[in-house]
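What follows is the content of data-v8.pdb, which has PDB, C-alpha atoms:
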```pdb
ATOM      1  CA  GLY V 734     115.518  95.456  93.461
ATOM      2  CA  GLN V 735     111.959  96.554  93.040
ATOM      3  CA  GLN V 736     111.087  98.219  89.747
ATOM      4  CA  VAL V 737     108.020 100.303  88.967
ATOM      5  CA  MET V 738     107.238 100.903  85.320
ATOM      6  CA  GLN V 739     104.765 103.475  84.041
ATOM      7  CA  ILE V 740     103.239 103.673  80.591
ATOM      8  CA  PRO V 741     102.849 105.623  78.468
ATOM      9  CA  GLN V 742     105.644 108.125  79.013
ATOM     10  CA  TYR V 743     103.722 110.860  77.223
ATOM     11  CA  GLN V 744     100.079 111.290  76.270
ATOM     12  CA  HIS V 745      98.590 114.080  74.202
ATOM     13  CA  VAL V 746      94.808 114.365  74.196
ATOM     14  CA  GLN V 747      92.135 116.717  72.960
ATOM     15  CA  GLU V 748      90.195 118.391  75.739
ATOM     16  CA  GLY V 749      87.228 116.211  76.593
ATOM     17  CA  GLU V 750      88.938 112.926  75.715
ATOM     18  CA  ASP V 751      89.713 110.326  78.362
ATOM     19  CA  PHE V 752      93.207 109.494  79.627
ATOM     20  CA  THR V 753      94.679 106.463  81.345
ATOM     21  CA  THR V 754      98.129 105.794  82.773
ATOM     22  CA  TYR V 755      99.300 102.403  83.969
ATOM     23  CA  CYS V 756     101.764 101.424  86.660
ATOM     24  CA  ASN V 757     103.335  97.951  86.880
ATOM     25  CA  SER V 758     105.566  96.607  89.627
ATOM     26  CA  SER V 759     108.033  93.734  89.441
ATOM     27  CA  THR V 760     107.032  92.706  92.970
ATOM     28  CA  THR V 761     103.819  92.505  94.990
ATOM     29  CA  LEU V 762     103.058  95.799  96.681
ATOM     30  CA  SER V 763     101.630  96.609 100.063
ATOM     31  CA  ASN V 764     100.247  99.898  98.821
ATOM     32  CA  ILE V 765     100.516 102.275  95.911
ATOM     33  CA  GLN V 766     100.309 106.047  95.836
ATOM     34  CA  TRP V 767      99.623 108.481  93.037
ATOM     35  CA  TYR V 768     101.068 111.987  92.767
ATOM     36  CA  LYS V 769     100.567 114.858  90.326
ATOM     37  CA  GLN V 770     103.219 117.366  89.340
ATOM     38  CA  ARG V 771     102.090 120.477  87.491
ATOM     39  CA  PRO V 772     104.595 121.995  85.025
ATOM     40  CA  GLY V 773     107.250 123.831  87.027
ATOM     41  CA  GLY V 774     105.798 122.558  90.284
ATOM     42  CA  HIS V 775     106.430 119.851  92.799
ATOM     43  CA  PRO V 776     104.753 116.437  93.207
ATOM     44  CA  VAL V 777     101.527 116.548  95.190
ATOM     45  CA  PHE V 778      99.944 113.491  96.758
ATOM     46  CA  LEU V 779      96.616 112.448  95.214
ATOM     47  CA  ILE V 780      95.621 109.125  96.724
ATOM     48  CA  GLN V 781      96.765 105.884  98.325
ATOM     49  CA  LEU V 782      95.425 102.405  97.518
ATOM     50  CA  VAL V 783      95.939  99.546  99.936
ATOM     51  CA  LYS V 784      93.481  96.713  99.268
ATOM     52  CA  SER V 785      93.535  94.204  96.442
ATOM     53  CA  GLY V 786      91.093  95.241  93.718
ATOM     54  CA  GLU V 787      90.459  98.606  95.373
ATOM     55  CA  VAL V 788      88.819 101.349  93.319
ATOM     56  CA  LYS V 789      88.706 104.952  94.460
ATOM     57  CA  LYS V 790      87.275 108.006  92.753
ATOM     58  CA  GLN V 791      88.048 111.692  93.017
ATOM     59  CA  LYS V 792      85.624 113.608  90.794
ATOM     60  CA  ARG V 793      86.742 112.718  87.237
ATOM     61  CA  LEU V 794      89.720 110.634  88.412
ATOM     62  CA  THR V 795      89.393 106.880  88.992
ATOM     63  CA  PHE V 796      92.199 104.910  90.624
ATOM     64  CA  GLN V 797      92.434 101.117  90.605
ATOM     65  CA  PHE V 798      94.697  98.629  92.364
ATOM     66  CA  GLY V 799      95.037  95.255  90.698
ATOM     67  CA  GLU V 800      93.858  92.018  92.256
ATOM     68  CA  ALA V 801      97.439  90.743  92.473
ATOM     69  CA  LYS V 802      98.610  94.090  93.911
ATOM     70  CA  LYS V 803     101.267  94.407  91.222
ATOM     71  CA  ASN V 804      99.621  96.980  89.002
ATOM     72  CA  SER V 805      97.517 100.094  89.179
ATOM     73  CA  SER V 806      95.875 102.592  86.881
ATOM     74  CA  LEU V 807      94.698 106.177  86.913
ATOM     75  CA  HIS V 808      91.866 107.101  84.559
ATOM     76  CA  ILE V 809      90.702 110.650  83.904
ATOM     77  CA  THR V 810      87.296 111.104  82.284
ATOM     78  CA  ALA V 811      86.747 114.068  79.962
ATOM     79  CA  THR V 812      90.105 115.746  80.431
ATOM     80  CA  GLN V 813      90.350 119.459  81.065
ATOM     81  CA  THR V 814      93.278 121.829  80.605
ATOM     82  CA  THR V 815      93.689 121.860  84.373
ATOM     83  CA  ASP V 816      94.636 118.161  84.208
ATOM     84  CA  VAL V 817      97.963 118.844  82.469
ATOM     85  CA  GLY V 818     101.035 117.657  84.299
ATOM     86  CA  THR V 819     102.987 114.551  85.108
ATOM     87  CA  TYR V 820     101.347 111.736  87.044
ATOM     88  CA  PHE V 821     103.595 109.504  89.122
ATOM     89  CA  CYS V 822     102.853 106.273  90.884
ATOM     90  CA  ALA V 823     104.906 105.166  93.890
ATOM     91  CA  GLY V 824     104.813 101.531  94.938
ATOM     92  CA  SER V 825     105.668 100.288  98.410
ATOM     93  CA  PRO V 826     106.855  96.701  98.828
ATOM     94  CA  TRP V 827     106.174  94.835 102.056
ATOM     95  CA  ALA V 828     109.767  95.439 103.081
ATOM     96  CA  GLY V 829     111.741  98.449 102.029
ATOM     97  CA  LYS V 830     110.955 101.946 100.920
ATOM     98  CA  SER V 831     108.695 103.049  98.105
ATOM     99  CA  THR V 832     109.847 103.470  94.514
ATOM    100  CA  PHE V 833     108.533 106.077  92.088
ATOM    101  CA  GLY V 834     107.718 105.296  88.488
ATOM    102  CA  ASP V 835     109.098 107.607  85.792
ATOM    103  CA  GLY V 836     105.732 109.281  85.335
ATOM    104  CA  THR V 837     103.295 109.932  82.507
ATOM    105  CA  THR V 838     103.202 113.462  81.156
ATOM    106  CA  LEU V 839      99.760 114.562  80.004
ATOM    107  CA  THR V 840      99.194 117.467  77.662
ATOM    108  CA  VAL V 841      95.684 118.634  76.795
ATOM    109  CA  LYS V 842      94.876 120.540  73.640
ATOM    110  CA  PRO V 843      91.959 122.965  74.110
TER
ATOM    111  CA  ASN E 676     101.759 125.541 108.589
ATOM    112  CA  ALA E 677     104.401 125.787 105.854
ATOM    113  CA  GLY E 678     104.893 122.048 105.249
ATOM    114  CA  VAL E 679     108.282 121.400 103.656
ATOM    115  CA  THR E 680     110.506 124.425 103.051
ATOM    116  CA  GLN E 681     113.552 124.333 100.813
ATOM    117  CA  THR E 682     116.240 126.976 100.421
ATOM    118  CA  PRO E 683     117.499 128.336  98.153
ATOM    119  CA  LYS E 684     114.957 128.215  95.321
ATOM    120  CA  PHE E 685     117.583 128.843  92.647
ATOM    121  CA  GLN E 686     121.370 128.508  92.594
ATOM    122  CA  VAL E 687     124.098 128.761  89.990
ATOM    123  CA  LEU E 688     127.469 127.220  90.796
ATOM    124  CA  LYS E 689     130.761 126.902  89.025
ATOM    125  CA  THR E 690     132.306 123.483  88.621
ATOM    126  CA  GLY E 691     134.151 122.529  91.796
ATOM    127  CA  GLN E 692     132.228 124.824  94.121
ATOM    128  CA  SER E 693     130.455 123.428  97.131
ATOM    129  CA  MET E 694     127.068 124.222  98.573
ATOM    130  CA  THR E 695     124.435 122.947 100.960
ATOM    131  CA  LEU E 696     120.738 122.683 100.167
ATOM    132  CA  GLN E 697     118.549 123.187 103.191
ATOM    133  CA  CYS E 698     115.253 121.477 103.966
ATOM    134  CA  ALA E 699     112.965 121.831 106.957
ATOM    135  CA  GLN E 700     109.538 120.389 107.726
ATOM    136  CA  ASP E 701     107.068 121.459 110.387
ATOM    137  CA  MET E 702     104.786 118.403 110.316
ATOM    138  CA  ASN E 703     106.667 116.437 113.000
ATOM    139  CA  HIS E 704     107.499 113.787 110.422
ATOM    140  CA  ASN E 705     110.032 111.087 111.154
ATOM    141  CA  SER E 706     111.237 110.378 107.613
ATOM    142  CA  MET E 707     112.826 112.730 105.109
ATOM    143  CA  TYR E 708     114.100 112.299 101.552
ATOM    144  CA  TRP E 709     116.191 114.002  98.894
ATOM    145  CA  TYR E 710     115.417 113.481  95.194
ATOM    146  CA  ARG E 711     116.770 114.875  91.978
ATOM    147  CA  GLN E 712     114.690 115.349  88.846
ATOM    148  CA  ASP E 713     116.345 115.916  85.502
ATOM    149  CA  PRO E 714     114.374 117.539  82.645
ATOM    150  CA  GLY E 715     111.599 115.273  81.438
ATOM    151  CA  MET E 716     112.636 112.566  83.858
ATOM    152  CA  GLY E 717     111.279 110.974  86.981
ATOM    153  CA  LEU E 718     112.368 111.307  90.586
ATOM    154  CA  ARG E 719     115.573 109.632  91.614
ATOM    155  CA  LEU E 720     116.253 109.113  95.305
ATOM    156  CA  ILE E 721     119.619 110.436  96.451
ATOM    157  CA  TYR E 722     119.504 109.844 100.215
ATOM    158  CA  TYR E 723     116.846 109.366 102.815
ATOM    159  CA  SER E 724     116.536 109.433 106.580
ATOM    160  CA  ALA E 725     114.052 107.007 108.039
ATOM    161  CA  SER E 726     114.244 108.695 111.436
ATOM    162  CA  GLU E 727     116.305 111.239 113.303
ATOM    163  CA  GLY E 728     119.868 110.026 113.615
ATOM    164  CA  THR E 729     119.808 107.689 110.604
ATOM    165  CA  THR E 730     120.627 108.207 106.936
ATOM    166  CA  ASP E 731     120.806 105.774 104.038
ATOM    167  CA  LYS E 732     121.885 105.877 100.426
ATOM    168  CA  GLY E 733     119.297 105.905  97.704
ATOM    169  CA  GLU E 734     119.617 105.207  94.006
ATOM    170  CA  VAL E 735     122.102 107.970  93.078
ATOM    171  CA  PRO E 736     124.179 108.975  96.161
ATOM    172  CA  ASN E 737     127.561 109.590  94.505
ATOM    173  CA  GLY E 738     128.758 113.175  94.809
ATOM    174  CA  TYR E 739     126.407 114.005  97.677
ATOM    175  CA  ASN E 740     126.376 113.933 101.454
ATOM    176  CA  VAL E 741     123.500 114.482 103.862
ATOM    177  CA  SER E 742     122.987 115.493 107.455
ATOM    178  CA  ARG E 743     119.874 114.915 109.522
ATOM    179  CA  LEU E 744     120.493 117.848 111.816
ATOM    180  CA  ASN E 745     117.417 117.218 113.969
ATOM    181  CA  LYS E 746     113.914 115.922 113.443
ATOM    182  CA  ARG E 747     112.933 118.993 111.410
ATOM    183  CA  GLU E 748     115.968 119.504 109.185
ATOM    184  CA  PHE E 749     117.674 117.408 106.520
ATOM    185  CA  SER E 750     120.419 119.016 104.435
ATOM    186  CA  LEU E 751     122.076 117.913 101.200
ATOM    187  CA  ARG E 752     125.679 118.880 100.463
ATOM    188  CA  LEU E 753     127.519 118.958  97.168
ATOM    189  CA  GLU E 754     131.220 118.987  98.025
ATOM    190  CA  SER E 755     132.543 119.612  94.501
ATOM    191  CA  ALA E 756     129.780 120.419  92.064
ATOM    192  CA  ALA E 757     129.862 118.965  88.555
ATOM    193  CA  PRO E 758     127.782 119.899  85.488
ATOM    194  CA  SER E 759     126.126 116.460  85.733
ATOM    195  CA  GLN E 760     124.564 117.639  88.998
ATOM    196  CA  THR E 761     122.543 120.298  87.212
ATOM    197  CA  SER E 762     119.011 119.358  88.169
ATOM    198  CA  VAL E 763     115.977 120.205  90.256
ATOM    199  CA  TYR E 764     116.310 118.938  93.805
ATOM    200  CA  PHE E 765     113.269 118.070  95.873
ATOM    201  CA  CYS E 766     113.108 117.403  99.558
ATOM    202  CA  ALA E 767     110.192 115.398 100.918
ATOM    203  CA  SER E 768     108.985 114.150 104.269
ATOM    204  CA  SER E 769     106.594 111.469 105.481
ATOM    205  CA  GLU E 770     105.121 110.573 108.825
ATOM    206  CA  ASP E 771     107.167 107.411 108.772
ATOM    207  CA  ASP E 772     108.775 105.135 106.191
ATOM    208  CA  ARG E 773     106.551 102.255 107.202
ATOM    209  CA  LEU E 774     103.595 101.063 105.220
ATOM    210  CA  ALA E 775     100.551 103.301 104.919
ATOM    211  CA  LYS E 776     102.390 106.087 106.742
ATOM    212  CA  ASN E 777     104.826 106.825 103.933
ATOM    213  CA  ILE E 778     102.790 109.405 102.025
ATOM    214  CA  GLN E 779     105.355 111.966 100.968
ATOM    215  CA  TYR E 780     104.990 115.742 101.063
ATOM    216  CA  PHE E 781     107.346 117.658  98.820
ATOM    217  CA  GLY E 782     109.001 121.035  99.021
ATOM    218  CA  ALA E 783     108.916 123.484  96.117
ATOM    219  CA  GLY E 784     112.369 122.429  94.921
ATOM    220  CA  THR E 785     115.785 123.967  94.338
ATOM    221  CA  ARG E 786     116.774 124.599  90.735
ATOM    222  CA  LEU E 787     120.534 124.144  90.509
ATOM    223  CA  SER E 788     122.747 124.902  87.535
ATOM    224  CA  VAL E 789     126.424 123.959  87.532
ATOM    225  CA  LEU E 790     128.490 125.708  84.863
TER
END
```

What is this file in structure tokens?
Amino acid sequence: GQQVMQIPQYQHVQEGEDFTTYCNSSTTLSNIQWYKQRPGGHPVFLIQLVKSGEVKKQKRLTFQFGEAKKNSSLHITATQTTDVGTYFCAGSPWAGKSTFGDGTTLTVKP
Amino acid sequence: NAGVTQTPKFQVLKTGQSMTLQCAQDMNHNSMYWYRQDPGMGLRLIYYSASEGTTDKGEVPNGYNVSRLNKREFSLRLESAAPSQTSVYFCASSEDDRLAKNIQYFGAGTRLSVL
């Protein structure tokens, strides 16, 4: 079945440093979604990417979808303490339901 | 507009006890999902319901049953709880399970401990 791998599993950064998490699928995806889960909270939808090579920005967050639609990345510029949490990608194949990656947990040292 | 509501928020069970986790959504969504999340781990799909009247097994269905009571409600039942079922349970819903309409909205979760 479809597998979605996320790396790294954990990332510790100093406030102000950049952060990137990567998502790789074993199969070509129709779309990919990113979610954020704050400590003790529930996953919250951030964004959906659909087109090959698509790049979307939300303030300091930049999301990319690979040309082959098998990988994606989330980049945060100049992290802040409010960015802490676990970031999940969820990939949707052309047939079948979406699969969540295991997430990347970000901690930010002030 | 409450979104996805889960009850209870916390529960402690003894091994062998049964219980039902309740989930309701008010967004008129067709698809609903149950996940479990163990400490420091990702989300594992237990069961899902693509539409009212249908349910399907996910990645980790053993030990659980579900009921899609109506379009709004999707319950998860543990018939004989085991310590391995200690986890946080999330319910989610999406407009549909088809492409581009499968953005999921999560409830606040139920934190379950089985002693």

Explicit residues for the PyMOL selection byres ((chain E) within 8 of (chain V)) (as a PDB file with C-alpha atoms, in the coordinates of the input):
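Here's the written file expr_31.pdb:
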```pdb
ATOM      1  CA  MET E 716     112.636 112.566  83.858  1.00  0.00           C
ATOM      2  CA  GLY E 717     111.279 110.974  86.981  1.00  0.00           C
ATOM      3  CA  LEU E 718     112.368 111.307  90.586  1.00  0.00           C
ATOM      4  CA  ARG E 719     115.573 109.632  91.614  1.00  0.00           C
ATOM      5  CA  PHE E 765     113.269 118.070  95.873  1.00  0.00           C
ATOM      6  CA  ASP E 772     108.775 105.135 106.191  1.00  0.00           C
ATOM      7  CA  ARG E 773     106.551 102.255 107.202  1.00  0.00           C
ATOM      8  CA  LEU E 774     103.595 101.063 105.220  1.00  0.00           C
ATOM      9  CA  ALA E 775     100.551 103.301 104.919  1.00  0.00           C
ATOM     10  CA  ASN E 777     104.826 106.825 103.933  1.00  0.00           C
ATOM     11  CA  ILE E 778     102.790 109.405 102.025  1.00  0.00           C
ATOM     12  CA  GLN E 779     105.355 111.966 100.968  1.00  0.00           C
ATOM     13  CA  TYR E 780     104.990 115.742 101.063  1.00  0.00           C
ATOM     14  CA  PHE E 781     107.346 117.658  98.820  1.00  0.00           C
ATOM     15  CA  GLY E 782     109.001 121.035  99.021  1.00  0.00           C
ATOM     16  CA  ALA E 783     108.916 123.484  96.117  1.00  0.00           C
ATOM     17  CA  GLY E 784     112.369 122.429  94.921  1.00  0.00           C
TER      18      GLY E 784
END
```

>> Taking 3 positions as the minimum chain separation for residues in the same chain, which residues sit within 10 Å of E:Gln692 when counting only C-alpha atoms? Answer as a PyMOL selection string.
In response: chain E and resi 687-689+753-757+789

>> Since I can't run it myself right now, could you work out what the PyMOL selection byres ((chain E and resi 771) around 8) selects here and report it as a PyMOL selection string?
In response: chain E and resi 704-706+725-726+769-770+772-773+776-777

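When all atoms listed in the file are used to measure the gap to E:Ile721, the shortest distance among E:Arg786, E:Arg752, E:Lys746, E:Lys684 belongs to E:Arg752.
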
>> Measuring between all atoms listed in the file, which one of V:Cys756, V:Leu839, V:Phe798, V:Gly749 shows the shortest distance to E:Gly715?
In response: V:Leu839

> atom CA of V:Val841 and atom CA of V:Ser805, how far apart in Å?
Replying inline: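 These two atoms are separated by 22.4 Å.
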
>> Can you measure atom CA of V:Gln813 to atom CA of V:Leu794 for me? One decimal in Å is fine.
In response: 11.5 Å

Centre and size of axis-aligned box enclosing stretch 759-777 of chain E plus 8 Å each side, as lines of an AutoDock Vina configuration file:
```
center_x = 113.3
center_y = 110.7
center_z = 97.3
size_x = 41.6
size_y = 35.2
size_z = 39.1
```

> Can you tell me, as a count of residues only, what residues are no more than 10 Å from E:Ala677 when counting all atoms listed in the file, ignoring any on the same chain fewer than 3 positions away?
Replying inline: 6

>> For a cutoff of 9 Å around the file-coordinate point (115.5, 121.9, 91.3), which residues qualify once you count only C-alpha atoms? I'd like the result as an MDAnalysis selection string.
In response: chainID E and resid 684:686 711:713 761:765 783:788

> How many Å separate atom CA of E:Thr730 from atom CA of E:Gln681?
Replying inline: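 If I compute the distance from atom CA of E:Thr730 to atom CA of E:Gln681, I get 18.6 Å.
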
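Each of V:Ser785, V:Thr815, V:Gln735, V:Gln747 was compared to V:Ala801 using all atoms listed in the file, and V:Ser785 turns out to be the nearest.
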
>> When you count only C-alpha atoms, which of these residues is closest to E:Asn740: E:Glu727, E:Pro714, E:Leu696, E:Val679?
In response: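 Of all the options, E:Leu696 lies closest to E:Asn740.
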
Selected by the PyMOL selection byres ((chain V and resi 786) around 7) in the shown coordinates: which residues, as an mmCIF file with C-alpha atoms, in the frame of the given file?
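Below is the file that was written, selection_30.cif:
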```cif
data_model
loop_
_atom_site.group_PDB
_atom_site.id
_atom_site.type_symbol
_atom_site.label_atom_id
_atom_site.label_comp_id
_atom_site.auth_asym_id
_atom_site.auth_seq_id
_atom_site.Cartn_x
_atom_site.Cartn_y
_atom_site.Cartn_z
ATOM 1 C CA LYS V 784 93.481 96.713 99.268
ATOM 2 C CA SER V 785 93.535 94.204 96.442
ATOM 3 C CA GLU V 787 90.459 98.606 95.373
ATOM 4 C CA VAL V 788 88.819 101.349 93.319
ATOM 5 C CA GLN V 797 92.434 101.117 90.605
ATOM 6 C CA PHE V 798 94.697 98.629 92.364
ATOM 7 C CA GLY V 799 95.037 95.255 90.698
ATOM 8 C CA GLU V 800 93.858 92.018 92.256
#
```

>> At a cut-off of 8 Å, using all atoms listed in the file, what residues contact stretch 748-750 of chain E? Leave out same-chain residues fewer than 4 positions from it and give the result as a ChimeraX atom specification.
In response: /E:695-700,707-708,741-744

> Which residue gives the smallest distance to V:Gln770 among V:Gly818, V:Pro843, V:Gly824, V:Pro741, with all atoms listed in the file counted?
Replying inline: V:Gly818

Mind completing stretch 686-705 of chain E with N, CA, C and O atoms? Output as a PDB file, in the coordinates of the input, please?
```pdb
ATOM      1  N   GLN E 686     119.943 128.356  92.319  1.00  0.00           N
ATOM      2  CA  GLN E 686     121.370 128.508  92.594  1.00  0.00           C
ATOM      3  C   GLN E 686     122.154 128.207  91.336  1.00  0.00           C
ATOM      4  O   GLN E 686     121.837 127.237  90.627  1.00  0.00           O
ATOM      5  N   VAL E 687     123.162 129.023  91.079  1.00  0.00           N
ATOM      6  CA  VAL E 687     124.098 128.761  89.990  1.00  0.00           C
ATOM      7  C   VAL E 687     125.478 128.597  90.616  1.00  0.00           C
ATOM      8  O   VAL E 687     125.918 129.447  91.378  1.00  0.00           O
ATOM      9  N   LEU E 688     126.134 127.510  90.283  1.00  0.00           N
ATOM     10  CA  LEU E 688     127.469 127.220  90.796  1.00  0.00           C
ATOM     11  C   LEU E 688     128.455 127.058  89.652  1.00  0.00           C
ATOM     12  O   LEU E 688     128.058 126.702  88.534  1.00  0.00           O
ATOM     13  N   LYS E 689     129.710 127.258  89.966  1.00  0.00           N
ATOM     14  CA  LYS E 689     130.761 126.902  89.025  1.00  0.00           C
ATOM     15  C   LYS E 689     131.270 125.508  89.378  1.00  0.00           C
ATOM     16  O   LYS E 689     131.217 125.083  90.543  1.00  0.00           O
ATOM     17  N   THR E 690     131.754 124.811  88.392  1.00  0.00           N
ATOM     18  CA  THR E 690     132.306 123.483  88.621  1.00  0.00           C
ATOM     19  C   THR E 690     133.344 123.533  89.736  1.00  0.00           C
ATOM     20  O   THR E 690     134.235 124.398  89.735  1.00  0.00           O
ATOM     21  N   GLY E 691     133.214 122.602  90.686  1.00  0.00           N
ATOM     22  CA  GLY E 691     134.151 122.529  91.796  1.00  0.00           C
ATOM     23  C   GLY E 691     133.705 123.246  93.051  1.00  0.00           C
ATOM     24  O   GLY E 691     134.258 122.993  94.129  1.00  0.00           O
ATOM     25  N   GLN E 692     132.723 124.135  92.934  1.00  0.00           N
ATOM     26  CA  GLN E 692     132.228 124.824  94.121  1.00  0.00           C
ATOM     27  C   GLN E 692     131.402 123.871  94.972  1.00  0.00           C
ATOM     28  O   GLN E 692     130.886 122.854  94.490  1.00  0.00           O
ATOM     29  N   SER E 693     131.270 124.240  96.226  1.00  0.00           N
ATOM     30  CA  SER E 693     130.455 123.428  97.131  1.00  0.00           C
ATOM     31  C   SER E 693     129.254 124.243  97.596  1.00  0.00           C
ATOM     32  O   SER E 693     129.273 125.481  97.545  1.00  0.00           O
ATOM     33  N   MET E 694     128.220 123.538  98.002  1.00  0.00           N
ATOM     34  CA  MET E 694     127.068 124.222  98.573  1.00  0.00           C
ATOM     35  C   MET E 694     126.199 123.219  99.323  1.00  0.00           C
ATOM     36  O   MET E 694     126.314 122.003  99.121  1.00  0.00           O
ATOM     37  N   THR E 695     125.360 123.764 100.186  1.00  0.00           N
ATOM     38  CA  THR E 695     124.435 122.947 100.960  1.00  0.00           C
ATOM     39  C   THR E 695     123.009 123.388 100.682  1.00  0.00           C
ATOM     40  O   THR E 695     122.703 124.586 100.750  1.00  0.00           O
ATOM     41  N   LEU E 696     122.162 122.425 100.340  1.00  0.00           N
ATOM     42  CA  LEU E 696     120.738 122.683 100.167  1.00  0.00           C
ATOM     43  C   LEU E 696     120.045 122.377 101.499  1.00  0.00           C
ATOM     44  O   LEU E 696     120.283 121.330 102.107  1.00  0.00           O
ATOM     45  N   GLN E 697     119.209 123.320 101.909  1.00  0.00           N
ATOM     46  CA  GLN E 697     118.549 123.187 103.191  1.00  0.00           C
ATOM     47  C   GLN E 697     117.107 122.736 103.026  1.00  0.00           C
ATOM     48  O   GLN E 697     116.434 123.111 102.057  1.00  0.00           O
ATOM     49  N   CYS E 698     116.638 121.936 103.967  1.00  0.00           N
ATOM     50  CA  CYS E 698     115.253 121.477 103.966  1.00  0.00           C
ATOM     51  C   CYS E 698     114.758 121.398 105.395  1.00  0.00           C
ATOM     52  O   CYS E 698     115.470 120.854 106.266  1.00  0.00           O
ATOM     53  N   ALA E 699     113.565 121.909 105.632  1.00  0.00           N
ATOM     54  CA  ALA E 699     112.965 121.831 106.957  1.00  0.00           C
ATOM     55  C   ALA E 699     111.480 121.529 106.820  1.00  0.00           C
ATOM     56  O   ALA E 699     110.825 122.043 105.917  1.00  0.00           O
ATOM     57  N   GLN E 700     110.972 120.705 107.731  1.00  0.00           N
ATOM     58  CA  GLN E 700     109.538 120.389 107.726  1.00  0.00           C
ATOM     59  C   GLN E 700     108.968 120.663 109.110  1.00  0.00           C
ATOM     60  O   GLN E 700     109.653 120.476 110.130  1.00  0.00           O
ATOM     61  N   ASP E 701     107.704 121.100 109.120  1.00  0.00           N
ATOM     62  CA  ASP E 701     107.068 121.459 110.387  1.00  0.00           C
ATOM     63  C   ASP E 701     105.883 120.549 110.685  1.00  0.00           C
ATOM     64  O   ASP E 701     104.950 120.948 111.389  1.00  0.00           O
ATOM     65  N   MET E 702     105.899 119.333 110.136  1.00  0.00           N
ATOM     66  CA  MET E 702     104.786 118.403 110.316  1.00  0.00           C
ATOM     67  C   MET E 702     105.098 117.310 111.330  1.00  0.00           C
ATOM     68  O   MET E 702     104.341 116.343 111.456  1.00  0.00           O
ATOM     69  N   ASN E 703     106.240 117.434 112.012  1.00  0.00           N
ATOM     70  CA  ASN E 703     106.667 116.437 113.000  1.00  0.00           C
ATOM     71  C   ASN E 703     106.849 115.053 112.374  1.00  0.00           C
ATOM     72  O   ASN E 703     106.591 114.033 113.002  1.00  0.00           O
ATOM     73  N   HIS E 704     107.290 115.047 111.123  1.00  0.00           N
ATOM     74  CA  HIS E 704     107.499 113.787 110.422  1.00  0.00           C
ATOM     75  C   HIS E 704     108.817 113.145 110.828  1.00  0.00           C
ATOM     76  O   HIS E 704     109.803 113.834 111.103  1.00  0.00           O
ATOM     77  N   ASN E 705     108.813 111.819 110.810  1.00  0.00           N
ATOM     78  CA  ASN E 705     110.032 111.087 111.154  1.00  0.00           C
ATOM     79  C   ASN E 705     110.983 110.925 109.969  1.00  0.00           C
ATOM     80  O   ASN E 705     112.189 110.928 110.137  1.00  0.00           O
TER      81      ASN E 705
END
```
